[in-house]
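Visitor: Hey, dropping model_17.txt in here, compact mmCIF, C-alpha atoms and all ligand atoms:
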# COMPACT_ATOMS: atom_id res chain seq x y z
CA GLN A 713 -15.33 13.40 14.34
CA THR A 714 -14.67 10.81 11.62
CA LYS A 715 -17.81 9.32 10.04
CA VAL A 716 -17.85 5.61 9.18
CA PHE A 717 -19.93 4.53 6.18
CA ASN A 718 -20.31 0.76 6.39
CA VAL A 719 -20.88 -0.68 2.92
CA ASP A 720 -19.53 -4.14 3.72
CA ASN A 721 -22.31 -6.06 5.46
CA ILE A 722 -25.20 -4.02 4.21
CA ASN A 723 -28.28 -5.63 2.73
CA ASP A 724 -29.89 -2.42 1.57
CA ASP A 725 -28.32 -1.86 -1.85
CA ASP A 726 -29.79 1.63 -2.28
CA LYS A 727 -28.31 2.71 1.03
CA LYS A 728 -24.93 1.26 0.05
CA HIS A 729 -24.78 3.16 -3.23
CA GLU A 730 -25.99 6.32 -1.50
CA TYR A 731 -23.14 6.08 1.03
CA ILE A 732 -20.56 5.60 -1.70
CA ARG A 733 -22.01 8.42 -3.79
CA ASN A 734 -21.99 10.77 -0.79
CA ALA A 735 -18.39 9.86 0.01
CA GLY A 736 -17.50 10.69 -3.60
CA LEU A 737 -19.28 14.03 -3.36
CA TRP A 738 -17.40 14.84 -0.14
CA ILE A 739 -14.17 14.29 -2.02
CA LYS A 740 -15.33 16.47 -4.88
CA SER A 741 -16.15 19.24 -2.40
CA GLY A 742 -12.67 19.19 -0.86
CA GLU A 743 -12.88 16.73 2.05
CA VAL A 744 -10.56 13.75 2.61
CA VAL A 745 -12.21 10.34 2.77
CA ALA A 746 -10.63 6.90 3.20
CA PHE A 747 -11.90 4.08 0.98
CA PRO A 748 -11.06 0.45 0.21
CA THR A 749 -9.09 -0.60 -2.86
CA GLU A 750 -8.02 -4.13 -3.80
CA THR A 751 -4.53 -3.42 -2.39
CA VAL A 752 -4.84 -1.31 0.78
CA TYR A 753 -7.16 1.47 1.97
CA GLY A 754 -6.50 4.83 0.31
CA LEU A 755 -6.97 8.32 1.70
CA GLY A 756 -8.65 10.20 -1.14
CA ALA A 757 -8.93 13.87 -2.05
CA ASN A 758 -9.67 15.90 -5.18
CA ALA A 759 -6.47 15.83 -7.25
CA LEU A 760 -7.36 19.15 -8.86
CA SER A 761 -7.48 21.05 -5.54
CA GLU A 762 -4.28 22.06 -3.81
CA GLU A 763 -6.19 22.86 -0.64
CA ALA A 764 -7.82 19.40 -0.50
CA ILE A 765 -4.49 17.67 -1.14
CA ALA A 766 -2.84 19.64 1.66
CA LYS A 767 -5.32 17.99 4.05
CA ILE A 768 -4.00 14.53 3.08
CA PHE A 769 -0.40 15.47 3.93
CA LYS A 770 -1.54 16.98 7.22
CA ALA A 771 -3.75 14.05 8.27
CA LYS A 772 -1.01 11.46 7.58
CA GLY A 773 1.94 13.54 8.73
CA ARG A 774 3.41 12.79 5.30
CA PRO A 775 6.63 14.51 4.15
CA SER A 776 5.69 17.04 1.45
CA ASP A 777 8.35 15.74 -0.97
CA ASN A 778 6.54 12.40 -1.31
CA PRO A 779 4.14 12.46 -4.31
CA LEU A 780 0.70 10.83 -4.39
CA ILE A 781 -0.91 8.36 -6.80
CA VAL A 782 -3.86 9.70 -8.80
CA HIS A 783 -6.75 7.22 -9.07
CA ILE A 784 -9.09 7.17 -12.04
CA SER A 785 -12.16 5.11 -12.94
CA LYS A 786 -11.94 5.20 -16.73
CA LYS A 787 -9.13 5.35 -19.24
CA GLU A 788 -10.54 8.47 -20.90
CA GLN A 789 -9.50 10.46 -17.81
CA LEU A 790 -5.83 9.96 -18.78
CA GLY A 791 -6.05 12.56 -21.53
CA GLU A 792 -6.47 15.49 -19.15
CA LEU A 793 -3.69 14.26 -16.83
CA VAL A 794 -0.73 13.19 -18.97
CA THR A 795 1.03 14.42 -22.12
CA GLU A 796 2.03 11.13 -23.71
CA VAL A 797 1.29 7.44 -23.38
CA SER A 798 3.94 5.02 -24.66
CA ARG A 799 3.15 1.82 -26.53
CA ALA A 800 4.38 -0.18 -23.51
CA ALA A 801 2.06 1.76 -21.20
CA GLU A 802 -0.88 1.06 -23.54
CA LYS A 803 -0.16 -2.67 -23.42
CA LEU A 804 0.19 -2.67 -19.64
CA MET A 805 -3.07 -0.78 -19.13
CA ASP A 806 -4.85 -3.26 -21.39
CA ALA A 807 -3.39 -6.17 -19.46
CA PHE A 808 -3.60 -4.98 -15.84
CA TRP A 809 -6.12 -2.13 -15.48
CA PRO A 810 -8.20 -2.01 -13.48
CA GLY A 811 -5.79 -3.56 -10.98
CA PRO A 812 -2.76 -3.15 -8.71
CA LEU A 813 -0.39 -1.49 -11.21
CA THR A 814 0.56 2.21 -10.99
CA LEU A 815 2.16 3.80 -14.05
CA ILE A 816 4.21 6.99 -14.10
CA PHE A 817 3.69 9.42 -16.99
CA LYS A 818 4.77 12.95 -17.94
CA LYS A 819 2.15 15.18 -16.36
CA LYS A 820 -0.18 17.79 -17.75
CA GLY A 821 -1.21 21.11 -16.18
CA SER A 822 -4.48 20.55 -14.32
CA ILE A 823 -3.22 18.40 -11.43
CA ALA A 824 -2.59 20.27 -8.17
CA LYS A 825 1.16 20.71 -7.79
CA ASN A 826 1.35 19.25 -4.28
CA VAL A 827 0.03 15.94 -5.68
CA THR A 828 3.29 15.39 -7.55
CA ALA A 829 5.52 17.10 -4.98
CA GLY A 830 6.84 19.38 -7.70
CA LEU A 831 7.85 16.55 -10.07
CA GLU A 832 7.23 16.72 -13.85
CA THR A 833 5.70 13.23 -13.73
CA VAL A 834 2.51 11.85 -12.24
CA ALA A 835 1.67 8.35 -10.96
CA ILE A 836 -1.71 7.00 -12.08
CA ARG A 837 -3.68 3.89 -11.30
CA MET A 838 -7.14 2.47 -11.93
CA PRO A 839 -8.09 0.29 -8.96
CA SER A 840 -10.26 -2.79 -9.50
CA HIS A 841 -12.20 -2.65 -6.22
CA PRO A 842 -15.84 -1.97 -7.15
CA THR A 843 -16.34 0.45 -4.24
CA ALA A 844 -13.24 2.42 -5.24
CA LEU A 845 -14.38 2.64 -8.86
CA GLU A 846 -17.87 3.73 -7.87
CA LEU A 847 -16.51 6.36 -5.48
CA ILE A 848 -14.13 7.85 -8.07
CA GLU A 849 -16.94 7.89 -10.60
CA ALA A 850 -19.20 9.69 -8.10
CA ALA A 851 -16.48 12.21 -7.26
CA GLY A 852 -16.30 13.12 -10.94
CA VAL A 853 -12.67 14.20 -10.50
CA PRO A 854 -9.36 12.30 -10.40
CA VAL A 855 -8.76 11.18 -6.81
CA ALA A 856 -5.28 11.44 -5.31
CA ALA A 857 -4.82 8.81 -2.62
CA PRO A 858 -1.86 7.55 -0.61
CA SER A 859 -2.32 4.60 1.72
CA ALA A 860 -4.63 5.66 4.59
CA ASN A 861 -2.19 5.11 7.47
CA LEU A 862 -0.20 7.51 9.62
CA SER A 863 3.11 8.05 7.84
CA GLY A 864 5.58 5.30 8.81
CA LYS A 865 2.94 2.81 10.01
CA PRO A 866 1.93 -0.37 8.17
CA SER A 867 -0.60 0.36 5.40
CA PRO A 868 -4.24 -0.30 6.38
CA THR A 869 -6.00 -3.40 5.08
CA THR A 870 -9.18 -2.87 7.13
CA ALA A 871 -11.31 0.16 7.98
CA GLN A 872 -10.41 -0.48 11.64
CA HIS A 873 -6.73 0.08 10.83
CA VAL A 874 -7.64 3.38 9.18
CA TYR A 875 -9.82 4.43 12.11
CA HIS A 876 -7.10 3.54 14.59
CA ASP A 877 -4.56 5.76 12.81
CA LEU A 878 -6.69 8.64 11.54
CA GLN A 879 -9.85 9.02 13.65
CA GLY A 880 -10.56 12.70 14.23
CA ARG A 881 -8.12 13.66 11.45
CA ILE A 882 -10.24 12.84 8.37
CA ALA A 883 -13.88 13.45 7.38
CA ALA A 884 -14.91 9.84 6.79
CA VAL A 885 -13.95 6.26 6.08
CA VAL A 886 -15.91 3.97 3.79
CA ASP A 887 -15.77 0.53 5.43
CA GLY A 888 -15.71 -2.10 2.68
CA GLY A 889 -14.20 -4.90 4.77
CA SER A 890 -10.73 -6.37 4.28
CA THR A 891 -8.80 -5.54 1.13
CA GLY A 892 -7.67 -8.50 -1.00
CA VAL A 893 -4.08 -8.18 -2.23
CA GLY A 894 -2.87 -6.69 1.05
CA LEU A 895 0.25 -4.97 -0.35
CA GLU A 896 0.36 -1.75 -2.37
CA SER A 897 0.33 -1.55 -6.14
CA THR A 898 3.43 -2.08 -8.25
CA VAL A 899 4.90 1.29 -9.35
CA LEU A 900 6.46 1.33 -12.84
CA ASP A 901 7.90 4.42 -14.56
CA CYS A 902 6.64 4.57 -18.14
CA SER A 903 7.88 8.12 -18.79
CA VAL A 904 11.33 6.79 -19.72
CA ASP A 905 12.46 4.74 -22.74
CA VAL A 906 12.90 1.50 -20.84
CA PRO A 907 10.16 1.20 -18.19
CA MET A 908 11.64 0.99 -14.69
CA LEU A 909 10.27 -0.71 -11.59
CA TYR A 910 10.22 1.62 -8.57
CA ARG A 911 8.16 -0.42 -6.14
CA PRO A 912 7.37 -4.15 -6.32
CA GLY A 913 3.72 -4.86 -5.56
CA GLY A 914 0.50 -6.60 -6.49
CA VAL A 915 1.46 -7.17 -10.13
CA THR A 916 4.75 -9.10 -10.34
CA VAL A 917 7.72 -8.24 -12.57
CA GLU A 918 7.30 -11.66 -14.17
CA GLN A 919 3.73 -10.71 -15.19
CA ILE A 920 4.84 -7.32 -16.54
CA GLU A 921 7.69 -8.81 -18.56
CA GLU A 922 5.31 -11.29 -20.16
CA VAL A 923 3.51 -8.31 -21.68
CA ILE A 924 6.28 -5.82 -22.62
CA GLY A 925 9.54 -7.75 -22.34
CA GLU A 926 12.39 -6.93 -20.01
CA VAL A 927 12.04 -3.93 -17.68
CA ALA A 928 14.71 -2.06 -15.71
CA VAL A 929 14.74 -2.19 -11.91
CA ASP A 930 15.58 0.81 -9.74
CA PRO A 931 19.10 -0.07 -8.49
CA SER A 932 18.13 1.01 -4.96
CA LEU A 933 15.81 -2.00 -4.71
CA LYS A 934 18.89 -4.23 -4.79
CA ASP A 935 21.58 -1.97 -3.34
CA LYS A 936 20.36 -0.36 -0.14
CA GLU A 937 23.02 2.36 -0.39
CA ASP A 938 21.48 3.79 -3.58
CA THR A 939 18.93 6.63 -3.47
CA PRO A 940 15.49 5.44 -4.64
CA ARG A 941 14.00 7.15 -7.75
CA SER A 942 10.62 7.04 -6.06
CA PRO A 943 10.67 9.50 -3.14
CA GLY A 944 8.41 7.38 -0.92
CA MET A 945 10.79 4.42 -1.00
CA LYS A 946 13.46 6.25 0.99
CA TYR A 947 11.43 6.53 4.18
CA THR A 948 11.23 4.00 6.99
CA HIS A 949 7.87 2.41 6.51
CA TYR A 950 5.44 -0.20 7.60
CA ALA A 951 7.17 -0.44 10.96
CA PRO A 952 5.58 -1.98 14.06
CA LYS A 953 6.46 -0.44 17.46
CA GLY A 954 8.55 -3.43 18.51
CA SER A 955 11.96 -3.97 16.95
CA LEU A 956 11.73 -6.38 14.03
CA THR A 957 14.57 -8.58 12.75
CA LEU A 958 14.38 -10.90 9.74
CA VAL A 959 16.03 -14.29 10.25
CA LYS A 960 17.13 -16.18 7.13
CA ASP A 961 17.57 -19.52 8.87
CA ALA A 962 14.33 -20.20 10.76
CA SER A 963 16.06 -22.72 13.05
CA ASN A 964 17.86 -19.76 14.68
CA ILE A 965 14.63 -18.08 15.74
CA GLN A 966 13.77 -20.02 18.93
CA PRO A 967 17.19 -19.40 20.55
CA LEU A 968 16.86 -15.68 19.68
CA LEU A 969 13.39 -15.59 21.25
CA ASN A 970 14.70 -17.28 24.39
CA GLU A 971 17.58 -14.84 24.69
CA ALA A 972 15.34 -11.76 24.34
CA ARG A 973 12.87 -13.23 26.80
CA GLY A 974 15.71 -13.77 29.24
CA GLN A 975 16.27 -10.02 29.08
CA GLY A 976 12.69 -9.42 30.18
CA LYS A 977 11.29 -8.57 26.73
CA ARG A 978 7.90 -9.57 25.37
CA VAL A 979 8.77 -11.55 22.26
CA GLY A 980 6.95 -12.42 19.05
CA VAL A 981 7.52 -14.42 15.89
CA LEU A 982 6.11 -13.90 12.40
CA THR A 983 5.69 -17.30 10.81
CA THR A 984 3.17 -19.20 8.67
CA THR A 985 0.65 -21.94 9.45
CA GLU A 986 3.18 -24.60 8.41
CA ARG A 987 5.59 -23.76 11.25
CA ALA A 988 3.43 -21.98 13.82
CA ASN A 989 3.57 -24.85 16.33
CA HIS A 990 7.39 -24.87 16.29
CA TYR A 991 7.68 -21.78 18.47
CA ASP A 992 7.29 -20.73 22.07
CA ALA A 993 6.79 -16.96 22.36
CA ASP A 994 4.38 -14.35 23.77
CA ALA A 995 2.89 -13.92 20.29
CA VAL A 996 3.22 -16.52 17.54
CA ILE A 997 1.41 -15.17 14.49
CA ALA A 998 0.80 -17.30 11.41
CA CYS A 999 0.79 -14.85 8.52
CA GLY A 1000 -0.88 -16.97 5.86
CA GLU A 1001 0.64 -20.08 4.31
CA ARG A 1002 4.16 -20.31 2.94
CA GLU A 1003 2.83 -22.56 0.18
CA ASP A 1004 0.63 -19.67 -0.97
CA LEU A 1005 2.59 -16.41 -0.91
CA ALA A 1006 -0.50 -14.41 -1.90
CA SER A 1007 -2.03 -15.38 1.45
CA VAL A 1008 1.07 -14.04 3.23
CA ALA A 1009 0.74 -10.73 1.35
CA THR A 1010 -2.93 -10.46 2.29
CA LYS A 1011 -2.21 -10.77 6.02
CA LEU A 1012 1.20 -9.08 6.33
CA TYR A 1013 0.18 -5.59 7.48
CA ASP A 1014 -2.52 -6.86 9.82
CA THR A 1015 0.07 -9.20 11.33
CA LEU A 1016 2.54 -6.34 11.90
CA ARG A 1017 -0.20 -4.34 13.61
CA GLN A 1018 -1.16 -7.32 15.81
CA PHE A 1019 2.33 -7.32 17.34
CA ASP A 1020 1.65 -3.73 18.42
CA GLN A 1021 -1.65 -4.73 19.97
CA GLU A 1022 0.06 -7.51 21.91
CA GLU A 1023 2.67 -4.98 23.04
CA ILE A 1024 5.54 -7.07 21.74
CA ASP A 1025 9.00 -5.51 22.22
CA VAL A 1026 11.09 -7.79 20.03
CA ILE A 1027 9.86 -9.55 16.87
CA PHE A 1028 11.66 -12.13 14.75
CA SER A 1029 10.35 -12.99 11.30
CA GLU A 1030 10.95 -15.82 8.91
CA THR A 1031 11.97 -14.72 5.40
CA PHE A 1032 10.26 -15.54 2.10
CA PRO A 1033 11.51 -16.52 -1.36
CA ASN A 1034 12.27 -13.55 -3.63
CA VAL A 1035 10.01 -14.66 -6.49
CA GLY A 1036 6.56 -13.59 -7.62
CA VAL A 1037 4.72 -11.66 -4.93
CA GLY A 1038 7.51 -12.77 -2.54
CA VAL A 1039 9.56 -9.86 -3.93
CA ALA A 1040 7.01 -7.35 -2.64
CA ILE A 1041 6.65 -9.20 0.68
CA MET A 1042 10.42 -9.13 1.28
CA ASN A 1043 10.63 -5.47 0.20
CA ARG A 1044 8.03 -4.46 2.81
CA LEU A 1045 9.47 -6.72 5.52
CA GLU A 1046 12.97 -5.31 4.97
CA LYS A 1047 11.63 -1.79 5.30
CA ALA A 1048 9.60 -2.67 8.38
CA ALA A 1049 12.79 -4.13 9.87
CA GLY A 1050 14.84 -1.06 8.97
CA GLY A 1051 17.13 -3.45 7.07
CA ARG A 1052 17.90 -5.73 10.05
CA MET A 1053 18.41 -9.22 8.63
CA ILE A 1054 20.55 -11.98 10.13
O1 LIG A 1101 -1.86 0.32 -3.83
C1 LIG A 1101 -1.54 1.50 -3.79
O2 LIG A 1101 -0.76 2.01 -4.62
C2 LIG A 1101 -2.17 2.36 -2.68
C3 LIG A 1101 -3.66 2.45 -2.94
C4 LIG A 1101 -4.35 3.39 -1.99
O3 LIG A 1101 -3.90 2.80 -4.27
N1 LIG A 1101 -1.56 3.65 -2.64
C5 LIG A 1101 -0.29 3.85 -2.21
O4 LIG A 1101 0.11 5.17 -2.18
O5 LIG A 1101 0.43 2.96 -1.86
P1 LIG A 1101 1.41 5.67 -1.38
O6 LIG A 1101 1.31 7.14 -1.39
O7 LIG A 1101 1.45 5.03 -0.05
O8 LIG A 1101 2.60 5.25 -2.29
C6 LIG A 1101 2.85 5.90 -3.52
C7 LIG A 1101 4.24 5.63 -3.98
C8 LIG A 1101 5.27 6.37 -3.14
O9 LIG A 1101 6.39 5.54 -2.96
C9 LIG A 1101 5.59 7.59 -4.02
O10 LIG A 1101 6.88 8.11 -3.76
C10 LIG A 1101 5.48 6.99 -5.41
O11 LIG A 1101 4.38 6.11 -5.33
N2 LIG A 1101 5.22 8.01 -6.45
C11 LIG A 1101 4.10 8.74 -6.64
N3 LIG A 1101 4.25 9.60 -7.67
C12 LIG A 1101 5.49 9.42 -8.16
C13 LIG A 1101 6.26 10.00 -9.22
N4 LIG A 1101 5.75 10.96 -9.99
N5 LIG A 1101 7.53 9.55 -9.41
C14 LIG A 1101 8.05 8.56 -8.64
N6 LIG A 1101 7.37 7.97 -7.63
C15 LIG A 1101 6.12 8.39 -7.37
MG MG A 1102 2.04 4.38 1.80
Represent the structure of the file as C-alpha cells.

Guide:
Amino acid sequence: QTKVFNVDNINDDDKKHEYIRNAGLWIKSGEVVAFPTETVYGLGANALSEEAIAKIFKAKGRPSDNPLIVHISKKEQLGELVTEVSRAAEKLMDAFWPGPLTLIFKKKGSIAKNVTAGLETVAIRMPSHPTALELIEAAGVPVAAPSANLSGKPSPTTAQHVYHDLQGRIAAVVDGGSTGVGLESTVLDCSVDVPMLYRPGGVTVEQIEEVIGEVAVDPSLKDKEDTPRSPGMKYTHYAPKGSLTLVKDASNIQPLLNEARGQGKRVGVLTTTERANHYDADAVIACGEREDLASVATKLYDTLRQFDQEEIDVIFSETFPNVGVGVAIMNRLEKAAGGRMI
C-alpha cells in the first residue's frame, strides 16, 4: 500500500512540515519515497545504503547498469561524496545550484556502490524545489533519486503520474502538485578536463557556456549511432504506448492522420495552442505554446501520458527548434519516438 502525503493544498503548515519530515525519516530508515523536484518527481532512497538503493531499481524495473543521481541540500555535503571539485564545477554550482543542473564528479568511498552502477564517478545535484530541499535535510543523508516512473515510461510531473506507475511498489509519495520545469536536469561531466554535456535539460548549454566558456557535447547526442557516455541515455525512454512519429513539416501531419485513421487506428497529434485548431484527430493535444518553449517543456510528459489515457494508437508530433530548452524537448521527443522522424 503506497501512502500519499499531500503537501500541496494544505493550509495547516505544521502538518505539512510534519509530513515532509516523516517522509525524510522514512528515507533515512531505508524506505523509498517519491517526492517533487522542480524538474520531475524523484524516487528517493538513502544513498549510503545498498539495500535501500536496491529497492529503487526493483520498484522501477530499472537496468542495474544505469547509475542514479545523488541529491543534496547543502554544498557542504559534497565533501563526503567526491574527491575533487574543479574550478569550472565551482562556478557552475555558484551559478545554478540549487537548480536543474547535475554535475558528475570523481566519487569517494561512502556512497553505496549500486548508486553509481560500479562507475568511479558520481552524479550530484541540489534541487531548488523547497519540498525536495526540506525532505533531503530531514533525511540527514544524501538521497539517490531517479525519476519516479516505471523504467521506459515518460517521467512523472505530477504525483498522480507517480501513483499510476508505482502504486503498491513504493512506501509513499509526497504530493507537491505539478513540477515546474517538466524535463529532467541537465547532466554535465565535470570529472574531465573539458566539461562534457551528457543530457540536455533544464539549464541550457547557452547558459552554461556563459559561465565557463565552451563545453564539449557527447557525440552520441548528435550521431545516433554513437554509444552514449551516460548509461541512461542508451535506453528507449519516455515512450507512450502508441507509436509516435515526429514530422518536420507540420503541413504533412493531417494527411498522415487521415491515412492512419483509414486503417482503423485511433490517431492523435501533439501540437501547440497556436495550431491546435488546424487538425482533425481523435486527440489533438496542445502542449504549451510554441512562442514559449518553456511551456512546452512543462507539459511534454503529461501530454505523452494523455495519449495513453485516450488509447491513441498512432501519434504524430510537430517538431521544435533546436535552441535553448528546445534542445532538451527534441532530445526527449526523439527518444519517445524511438528515432522516427519524417
Ligand atoms: O531532474 C532530474 O535529474 C531527475 C530528478 C528526480 O532529480 N532525476 C533524473 O534521474 O532524471 P534519472 O535516473 O532518470 O536520470 C539520471 C541520468 C541517467 O541518464 C544516468 O545514466 C545519468 O544520469 N548518470 C548518473 N550517474 C552518472 C555517472 N556517474 N556517469 C554518467 N551518467 C550518469
Ligand atoms: Mg529517468

Visitor: Counting only C-alpha atoms and all ligand atoms, what residues are within 12 Å of ligand MG 1102 (chain A), given as a PyMOL selection string?

Guide: chain A and resi 751-755+768-769+772-775+778-781+857-869+895-897+899+911+913+942-951+1013+1044+1047

Visitor: When distances are computed from only C-alpha atoms, which of A:Val716, A:Val886, A:Ile765, A:Val981 shows the smallest separation from Pro967 of chain A?

Guide: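 Closest candidate: A:Val981.
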
Visitor: To one decimal in Å, tell me the separation between atom CA of Thr749 of chain A and atom CA of Leu958 of chain A.

Guide: 28.6 Å

Visitor: A:Ile1041, A:Cys902, A:Met908, A:Ala884: which is nearest Leu815 of chain A, counting all atoms listed in the file?

Guide: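 Answer, going by the shortest atom-to-atom distance: A:Cys902.
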
Visitor: Using only C-alpha atoms for the distances, tell me which of A:Gly830, A:Gly1038, A:Gly852, A:Pro1033 is nearest to Ala1009 of chain A.

Guide: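 Ranked by minimum distance to Ala1009 of chain A, first place goes to A:Gly1038.
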
Visitor: Between A:Asp877, A:Ala766, A:Ala883, A:Glu846, which has the minimum distance to Asn826 of chain A (counting all atoms listed in the file)?

Guide: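 Closest residue, counting all atoms listed in the file: A:Ala766.
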
Visitor: Between atom CA of Ala757 of chain A and atom CA of Ile882 of chain A, what is the distance in Å, rounded to a tenth?

Guide: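 Interatomic distance here is 10.6 Å.
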